[in-house]
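Asker: For reference, the file run.cif (mmCIF, C-alpha atoms) is included below:
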```
data_final
loop_
_atom_site.label_atom_id
_atom_site.label_comp_id
_atom_site.auth_asym_id
_atom_site.auth_seq_id
_atom_site.Cartn_x
_atom_site.Cartn_y
_atom_site.Cartn_z
CA MET A 279 0.00 0.00 0.00
CA LEU A 280 1.43 3.36 -1.03
CA THR A 281 0.50 6.40 1.04
CA ASN A 282 1.21 10.07 0.37
CA ARG A 283 1.33 11.69 3.81
CA MET A 284 3.59 14.50 2.61
CA GLY A 285 1.28 15.46 -0.24
CA LEU A 286 3.83 14.96 -3.02
CA PRO A 287 2.72 15.99 -6.54
CA SER A 288 0.64 13.37 -8.32
CA ALA A 289 3.22 13.10 -11.11
CA ILE A 290 5.82 11.95 -8.58
CA VAL A 291 3.42 9.47 -6.99
CA ARG A 292 2.51 8.01 -10.39
CA ALA A 293 6.19 7.66 -11.30
CA ILE A 294 6.75 5.70 -8.09
CA GLN A 295 3.71 3.51 -8.69
CA ASN A 296 4.83 2.70 -12.23
CA ASP A 297 8.10 1.12 -11.11
CA PRO A 298 9.32 -1.01 -14.06
CA TYR A 299 11.39 -3.35 -11.87
CA ASN A 300 10.91 -7.01 -12.74
CA ALA A 301 12.95 -9.86 -11.26
CA GLY A 302 11.96 -12.15 -14.12
CA ALA A 303 11.07 -15.81 -13.66
CA SER A 304 13.12 -16.27 -10.51
CA ASP A 305 12.46 -17.39 -6.97
CA ILE A 306 14.68 -14.65 -5.58
CA SER A 307 16.82 -11.83 -6.95
CA VAL A 308 20.24 -10.69 -5.79
CA THR A 309 18.58 -7.53 -4.45
CA ALA A 310 16.11 -9.55 -2.38
CA LEU A 311 18.90 -11.81 -1.11
CA LEU A 312 20.52 -8.79 0.50
CA THR A 313 17.45 -8.10 2.66
CA PRO A 314 17.12 -9.96 6.00
CA PRO A 315 15.24 -13.27 5.56
CA TYR A 316 12.95 -12.40 8.48
CA GLN A 317 11.97 -9.10 6.86
CA ARG A 318 11.32 -10.78 3.53
CA GLY A 319 9.22 -13.42 5.25
CA LEU A 320 7.03 -10.78 6.90
CA LYS A 321 6.32 -9.22 3.51
CA LYS A 322 4.60 -12.45 2.47
CA THR A 323 2.19 -12.40 5.39
CA CYS A 324 1.31 -8.75 5.97
CA THR A 325 0.36 -5.60 4.12
CA VAL A 326 3.44 -3.67 2.99
CA VAL A 327 2.97 0.00 3.84
CA GLU A 328 5.18 2.61 2.21
CA ASP A 329 4.94 6.34 1.86
CA ALA A 330 5.76 8.00 -1.44
CA ALA A 331 8.30 10.26 0.29
CA ASP A 332 10.21 7.18 1.47
CA ARG A 333 10.42 5.86 -2.08
CA MET A 334 12.16 8.93 -3.51
CA TYR A 335 15.67 7.49 -3.23
CA SER A 336 14.54 4.42 -5.14
CA LEU A 337 12.99 6.63 -7.83
CA ILE A 338 16.15 8.71 -8.14
CA GLY A 339 18.24 5.54 -8.34
CA GLN A 340 16.35 4.49 -11.44
CA ILE A 341 17.89 7.45 -13.26
CA GLY A 342 20.88 5.15 -13.66
CA HIS A 343 18.98 3.47 -16.51
CA GLY A 344 18.98 6.78 -18.39
CA ILE A 345 22.74 7.10 -17.93
CA VAL A 346 23.28 3.64 -19.41
CA GLU A 347 20.94 4.43 -22.32
CA ARG A 348 22.89 7.56 -23.21
CA ALA A 349 26.36 6.15 -22.55
CA TYR A 350 25.91 2.80 -24.30
CA PRO A 351 23.10 3.14 -26.87
CA GLU A 352 24.78 0.56 -29.11
CA ALA A 353 24.51 -2.04 -26.35
CA LEU A 354 20.74 -1.65 -26.07
CA THR A 355 19.74 -2.10 -29.72
CA GLU A 356 17.45 -4.96 -30.68
CA ASP A 357 20.29 -6.61 -32.59
CA MET A 358 22.44 -6.64 -29.46
CA LYS A 359 19.59 -7.89 -27.30
CA ALA A 360 19.13 -10.80 -29.71
CA LEU A 361 22.64 -11.99 -28.86
CA SER A 362 23.48 -13.78 -25.64
CA PRO A 363 25.41 -11.70 -23.08
CA ALA A 364 28.51 -13.83 -23.71
CA GLU A 365 28.29 -13.21 -27.46
CA CYS A 366 27.89 -9.46 -26.89
CA GLN A 367 30.96 -9.36 -24.70
CA ARG A 368 33.03 -11.39 -27.14
CA LEU A 369 31.96 -9.51 -30.29
CA HIS A 370 31.43 -5.95 -29.02
CA GLY A 371 33.08 -5.64 -25.63
CA VAL A 372 30.06 -3.98 -24.00
CA VAL A 373 26.96 -5.57 -22.46
CA ALA A 374 24.27 -3.51 -20.73
CA GLU A 375 21.27 -4.19 -18.50
CA ARG A 376 20.97 -7.96 -18.83
CA ARG A 377 19.21 -10.14 -16.27
CA LEU A 378 21.04 -13.40 -15.66
CA PHE A 379 19.89 -16.60 -13.97
CA THR A 380 21.30 -19.62 -12.17
CA GLN A 381 20.07 -22.47 -9.97
CA VAL A 382 20.98 -22.55 -6.25
CA ASN A 383 19.53 -25.03 -3.75
CA GLY A 384 16.64 -25.72 -6.11
CA TRP A 385 15.78 -22.04 -6.51
CA THR A 386 16.24 -19.84 -9.55
CA VAL A 387 18.36 -16.83 -8.58
CA SER A 388 18.48 -13.79 -10.86
CA GLY A 389 20.41 -10.54 -11.00
CA GLN A 390 20.71 -7.65 -13.42
CA PHE A 391 23.91 -5.68 -13.91
CA ASP A 392 24.14 -2.17 -15.30
CA VAL A 393 27.15 -2.50 -17.59
CA ILE A 394 30.01 -4.85 -18.34
CA GLU A 395 32.62 -2.98 -20.34
CA GLY A 396 35.56 -5.12 -21.34
CA THR A 397 35.95 -7.30 -18.25
CA MET A 398 34.76 -4.70 -15.74
CA LEU A 399 31.29 -4.91 -14.21
CA MET A 400 29.98 -1.48 -13.21
CA ASP A 401 26.97 -0.45 -11.17
CA PHE A 402 25.65 3.12 -10.95
CA LYS A 403 24.37 4.25 -7.54
CA PHE A 404 22.93 7.55 -6.34
CA VAL A 405 24.09 7.95 -2.74
CA SER A 406 24.88 10.53 -0.06
CA ALA A 407 28.40 11.93 0.13
CA TRP A 408 28.99 10.29 3.53
CA SER A 409 28.53 6.88 1.86
CA VAL A 410 31.87 7.24 0.08
CA MET A 411 33.87 8.91 2.85
CA GLY A 412 34.82 5.71 4.62
CA GLU A 413 34.75 2.02 3.84
CA HIS A 414 32.37 1.00 1.08
CA LYS A 415 29.06 -0.58 2.05
CA LYS A 416 29.34 -4.31 2.63
CA GLU A 417 26.15 -4.93 0.64
CA TRP A 418 27.84 -3.46 -2.46
CA GLU A 419 30.54 -6.09 -2.18
CA TYR A 420 27.99 -8.88 -1.91
CA GLN A 421 25.87 -7.54 -4.76
CA LEU A 422 28.65 -7.09 -7.28
CA ASN A 423 30.36 -10.39 -6.47
CA PHE A 424 27.04 -12.24 -6.86
CA LEU A 425 26.50 -10.49 -10.20
CA ARG A 426 30.01 -11.47 -11.24
CA LEU A 427 29.26 -15.10 -10.40
CA LEU A 428 26.07 -14.97 -12.48
CA ALA A 429 28.04 -13.46 -15.38
CA ILE A 430 30.70 -16.16 -15.19
CA LEU A 431 28.09 -18.93 -15.01
CA ASN A 432 26.54 -17.44 -18.14
CA GLY A 433 29.80 -17.63 -20.10
CA MET A 434 31.13 -14.12 -19.47
CA ASP A 435 34.52 -12.95 -18.23
CA VAL A 436 34.55 -10.44 -15.35
CA ILE A 437 37.73 -9.67 -13.42
CA GLN A 438 37.01 -6.15 -12.07
CA LEU A 439 34.12 -4.69 -10.09
CA ARG A 440 33.35 -1.01 -9.72
CA ILE A 441 30.65 1.17 -8.19
CA ILE A 442 30.07 4.50 -9.93
CA ALA A 443 28.77 6.55 -7.01
CA ILE A 444 26.86 9.70 -7.96
CA LEU A 445 26.50 11.95 -4.91
CA ARG A 446 22.99 13.35 -4.75
CA ASP A 447 23.86 15.83 -1.96
CA TRP A 448 27.35 16.84 -3.09
CA SER A 449 28.44 20.39 -2.20
CA LYS A 450 31.01 22.31 -4.20
CA LEU A 451 31.57 24.60 -1.21
CA LYS A 452 32.38 21.70 1.12
CA ALA A 453 34.77 20.29 -1.46
CA LYS A 454 36.65 23.60 -1.52
CA VAL A 455 37.09 23.90 2.25
CA ASP A 456 37.53 20.23 3.22
CA SER A 457 40.11 18.06 1.45
CA SER A 458 38.63 14.91 3.01
CA TYR A 459 35.27 15.62 1.38
CA PRO A 460 34.69 14.10 -2.12
CA GLN A 461 36.24 16.47 -4.62
CA ALA A 462 33.83 15.58 -7.44
CA GLN A 463 30.17 14.60 -7.60
CA VAL A 464 31.04 11.26 -9.20
CA VAL A 465 33.26 8.84 -7.28
CA PRO A 466 34.43 5.51 -8.79
CA ILE A 467 34.90 2.84 -6.11
CA ASP A 468 36.71 -0.40 -6.89
CA ILE A 469 35.14 -3.36 -5.10
CA PRO A 470 37.21 -6.35 -3.91
CA VAL A 471 36.78 -9.43 -6.09
CA TRP A 472 36.13 -12.64 -4.16
CA ASP A 473 37.45 -16.06 -4.97
CA ILE A 474 34.76 -17.73 -7.07
CA THR A 475 34.50 -20.69 -4.68
CA LYS A 476 33.88 -18.34 -1.77
CA THR A 477 31.22 -16.53 -3.79
CA ARG A 478 29.40 -19.79 -4.53
CA GLU A 479 29.48 -20.79 -0.85
CA VAL A 480 28.23 -17.43 0.40
CA LEU A 481 25.45 -17.33 -2.20
CA LYS A 482 24.36 -20.86 -1.33
CA ALA A 483 24.27 -20.05 2.40
CA MET A 484 22.23 -16.89 1.86
CA VAL A 485 19.71 -18.67 -0.37
CA ALA A 486 19.38 -21.38 2.30
CA ALA A 487 18.65 -18.72 4.94
CA HIS A 488 15.81 -17.34 2.80
CA GLN A 489 14.47 -20.85 2.18
CA HIS A 490 14.12 -21.60 5.90
CA PRO A 491 10.42 -21.89 6.81
CA GLU A 492 11.00 -19.99 10.08
CA PRO A 493 13.87 -17.53 9.57
CA ALA A 494 15.57 -16.17 12.66
CA PRO A 495 14.64 -12.63 13.77
CA CYS A 496 16.84 -9.89 12.37
CA SER A 497 20.21 -9.43 14.07
CA ASP A 498 21.52 -6.11 15.33
CA GLU A 499 23.58 -5.92 12.14
CA ASP A 500 20.50 -6.57 10.01
CA ARG A 501 18.71 -3.83 11.90
CA TRP A 502 21.55 -1.31 11.46
CA LYS A 503 21.94 -0.79 15.19
CA THR A 504 23.98 2.23 16.17
CA GLU A 505 26.43 1.94 19.06
CA ASP A 506 25.37 2.44 22.67
CA VAL A 507 26.80 5.63 24.16
CA PHE A 508 27.05 7.17 27.61
CA ALA A 509 26.37 10.87 28.02
CA VAL A 510 27.97 13.06 30.66
CA MET A 511 25.18 15.37 31.82
CA LYS A 512 25.12 18.52 33.95
CA GLU A 513 22.19 19.27 36.20
CA GLY A 514 19.90 21.82 34.54
CA ARG A 515 21.40 21.30 31.09
CA LYS A 516 19.50 19.37 28.40
CA SER A 517 22.34 18.53 26.01
CA ALA A 518 25.27 16.28 26.86
CA ILE A 519 28.64 17.70 27.76
CA LYS A 520 30.30 14.77 26.02
CA LEU A 521 29.39 11.31 24.70
CA HIS A 522 31.56 8.31 25.58
CA ASP A 523 31.71 4.80 24.15
CA SER A 524 32.16 3.19 27.57
CA HIS A 525 30.36 3.62 30.88
CA ARG A 526 33.67 3.67 32.73
CA ALA A 527 35.06 6.57 30.71
CA ALA A 528 31.83 8.53 31.13
CA THR A 529 31.76 7.87 34.91
CA GLU A 530 35.36 9.01 35.33
CA HIS A 531 34.68 12.14 33.30
CA ALA A 532 31.56 13.00 35.33
CA ALA A 533 33.45 12.46 38.59
CA SER A 534 36.24 14.77 37.47
CA LEU A 535 33.70 17.55 36.89
CA GLY A 536 32.37 17.35 40.42
CA LYS A 537 28.93 17.61 42.00
CA GLY A 538 25.92 18.03 39.75
CA HIS A 539 27.23 15.82 36.97
CA SER A 540 25.90 12.38 36.10
CA VAL A 541 26.00 9.68 33.43
CA GLN A 542 23.06 8.88 31.19
CA ALA A 543 23.01 5.65 29.14
CA ARG A 544 21.74 6.10 25.61
CA PRO A 545 21.03 2.76 23.89
CA GLY A 546 21.77 2.49 20.22
CA GLU A 547 18.94 2.87 17.73
CA TYR A 548 17.75 0.41 15.10
CA ARG A 549 17.89 2.62 12.01
CA ARG A 550 16.57 0.10 9.51
CA CYS A 551 13.54 -0.69 11.66
CA ALA A 552 12.75 2.94 12.38
CA GLU A 553 13.31 4.43 8.95
CA TYR A 554 13.83 1.86 6.22
CA CYS A 555 11.64 -1.20 6.90
CA ASN A 556 8.19 -1.21 5.30
CA VAL A 557 6.94 -4.08 7.47
CA SER A 558 8.17 -2.86 10.86
CA HIS A 559 4.53 -2.25 11.83
CA ALA A 560 4.00 -6.04 11.67
CA CYS A 561 7.30 -7.09 13.28
CA PRO A 562 6.82 -8.63 16.76
CA THR A 563 10.29 -7.53 17.85
CA TYR A 564 9.90 -3.90 16.80
CA ARG A 565 6.32 -3.66 18.04
CA GLY A 566 7.58 -4.73 21.45
CA GLU A 567 10.10 -1.86 21.46
CA VAL A 568 8.09 1.00 19.98
CA PRO A 569 4.42 1.82 20.72
CA PHE A 570 2.20 1.90 17.62
#
```
Kindly return the structure encoded in the file as structure tokens.
Answerer:
Amino acid sequence: MLTNRMGLPSAIVRAIQNDPYNAGASDISVTALLTPPYQRGLKKTCTVVEDAADRMYSLIGQIGHGIVERAYPEALTEDMKALSPAECQRLHGVVAERRLFTQVNGWTVSGQFDVIEGTMLMDFKFVSAWSVMGEHKKEWEYQLNFLRLLAILNGMDVIQLRIIAILRDWSKLKAKVDSSYPQAQVVPIDIPVWDITKTREVLKAMVAAHQHPEPAPCSDEDRWKTEDVFAVMKEGRKSAIKLHDSHRAATEHAASLGKGHSVQARPGEYRRCAEYCNVSHACPTYRGEVPF
């Protein structure tokens, strides 16, 4: 069910509703594999509730298709589509937007890559600047290595993986004053390539987890739990003087400041549950933590 609590223009809502995504004749896609099995299981048994405003990042991400269309028009002609992906790579060196399939544990697994140019598989992503200012997201590594495995199983040769990160909130001013900030709005990120045996084993294990009739509740990692912190507080002041990672450090700091200072524990938050899960309203764990 799609709601529109923020009153977005009808054109935007219609664009969201007319999502062209299709996983093909598969039991599960690479994208779905990267979601927690428990969350995916809930989607089968309850009404999925999403607000149009929460789907904007997904809508923006689909602009990547337009980039591929303009960058590689020759790869999207009907003549090219009539060839197998392996033939396209061998004859033309560029393959774009192909959905590939393989069998794992009795299930058909599918995945669609953006572009394979030469032997490099590339994926375009629209992300925040902070996403590229540290280590790359682990899910990117899983996604691209699974797509590489699918490509290899379908007769293709892929030896490099790269994310083309397009920063939707990039600031030219921040780039000028902070050398650690991304210096351009487009940031290529090379992704580590796994041993093919490891990739097969990880894929098989993840498919098995989704096949389980009673998947385990989401872990803290699945739920994107932030770290617990301990705030040093001063009597009469609402904001913390300082946040510490350990209770001991916070206690010692408060003691050094003298009377009127105390320590307040602040448990980490479950960001996925609170902001990015469209079935959290039906999740027994989350319902027990947050009043609905």
Asker: Can you give me, as a tab-separated table (two decimals) with C-alpha atoms, in the frame of the given file, the residues this file yields under the PyMOL selection byres ((chain A and resi 363) around 8)?
Answerer:
```
chain	number	residue	atom	x	y	z
A	361	LEU	CA	22.64	-11.99	-28.86
A	362	SER	CA	23.48	-13.78	-25.64
A	364	ALA	CA	28.51	-13.83	-23.71
A	365	GLU	CA	28.29	-13.21	-27.46
A	366	CYS	CA	27.89	-9.46	-26.89
A	367	GLN	CA	30.96	-9.36	-24.70
A	373	VAL	CA	26.96	-5.57	-22.46
A	376	ARG	CA	20.97	-7.96	-18.83
A	432	ASN	CA	26.54	-17.44	-18.14
A	433	GLY	CA	29.80	-17.63	-20.10
A	434	MET	CA	31.13	-14.12	-19.47
```
Asker: Kindly indicate which residue among A:Tyr335, A:His539, A:Gln438, A:Ala527 lies nearest to Arg515 of chain A, using all atoms listed in the file for the distances.
Answerer: A:His539
Asker: Could you name the residues that touch Pro466 of chain A at 10 Å or less, counting all atoms listed in the file, but leaving out those on the same chain fewer than 4 positions away, as an NGL selection string?
Answerer: :A and (400-402 or 410 or 440-444)
Asker: For Glu347 of chain A, work out the shell of residues within 12 Å, counting all atoms listed in the file and skipping chain neighbours fewer than 4 positions away, then give it as a PyMOL selection string.
Answerer: chain A and resi 340-343+351-355+373-375+392-393
Asker: Taking 2 positions as the minimum chain separation for residues in the same chain, which residues sit within 9 Å of Lys520 of chain A when counting only C-alpha atoms? Answer as a list in words.
Answerer: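 Here the answer would be Phe508, Ala509, Val510, Met511, Ser517, Ala518, His522, Ala528 and His531 of chain A.
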Asker: Output as JSON the centre and edge lengths (Å, one decimal) of the box along x, y and z of the file that holds every listed atom of segment 467-482 of chain A after adding 8 Å on each side.
Answerer:
```
{"center_x": 30.9, "center_y": -9.0, "center_z": -3.3, "size_x": 29.1, "size_y": 39.7, "size_z": 23.5}
```
Asker: Evaluate the PyMOL selection byres ((chain A and resi 504) around 6) on the structure here and hand back the selected residues as a PyMOL selection string.
Answerer: chain A and resi 503+505+546-547
Asker: If the PyMOL selection byres ((chain A and resi 445) around 7) were run on this exact file, what residues would it hold? Put them as a ChimeraX atom specification.
Answerer: /A:404-407,443-444,446-448,463-464
Asker: List as a short mmCIF file (atom, residue, chain, number, x, y, z; two decimals) with C-alpha atoms, in the frame of the given file the protein and nucleic acid residues near Lys450 of chain A, meaning an atom at most 10 Å away when only C-alpha atoms are counted, but skip any in the same chain fewer than 6 places from it.
Answerer:
```cif
data_model
loop_
_atom_site.label_atom_id
_atom_site.label_comp_id
_atom_site.auth_asym_id
_atom_site.auth_seq_id
_atom_site.Cartn_x
_atom_site.Cartn_y
_atom_site.Cartn_z
CA TYR A 459 35.27 15.62 1.38
CA PRO A 460 34.69 14.10 -2.12
CA GLN A 461 36.24 16.47 -4.62
CA ALA A 462 33.83 15.58 -7.44
CA GLN A 463 30.17 14.60 -7.60
#
```
Asker: In Å, with one decimal, what is the gap from atom CA of Cys324 of chain A to atom CA of Val557 of chain A?
Answerer: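 According to the coordinates, atom CA of Cys324 of chain A and atom CA of Val557 of chain A are separated by 7.5 Å.
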Asker: Rounded to one decimal, what separation in Å do you get between atom CA of Ser458 of chain A and atom CA of Arg501 of chain A?
Answerer: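 About the pair atom CA of Ser458 of chain A and atom CA of Arg501 of chain A: they are 28.8 Å apart.
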Asker: Using Å and a single decimal, report how far atom CA of Ala330 of chain A sits from atom CA of Val346 of chain A.
Answerer: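 Atom-to-atom, atom CA of Val346 of chain A to atom CA of Ala330 of chain A, that is 25.5 Å.
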Asker: Rank A:Trp472, A:Tyr350, A:Phe379, A:Tyr548 by their smallest atom-to-atom distance to Ile394 of chain A, using all atoms listed in the file, and report the top residue only.
Answerer: A:Tyr350
Asker: Would you mind listing what lies within 9 Å of Val485 of chain A as number ranges by chain, with all atoms listed in the file counted and same-chain residues fewer than 2 positions away left out?
Answerer: A: 306, 311, 382-383, 385, 387, 480-483, 487-490
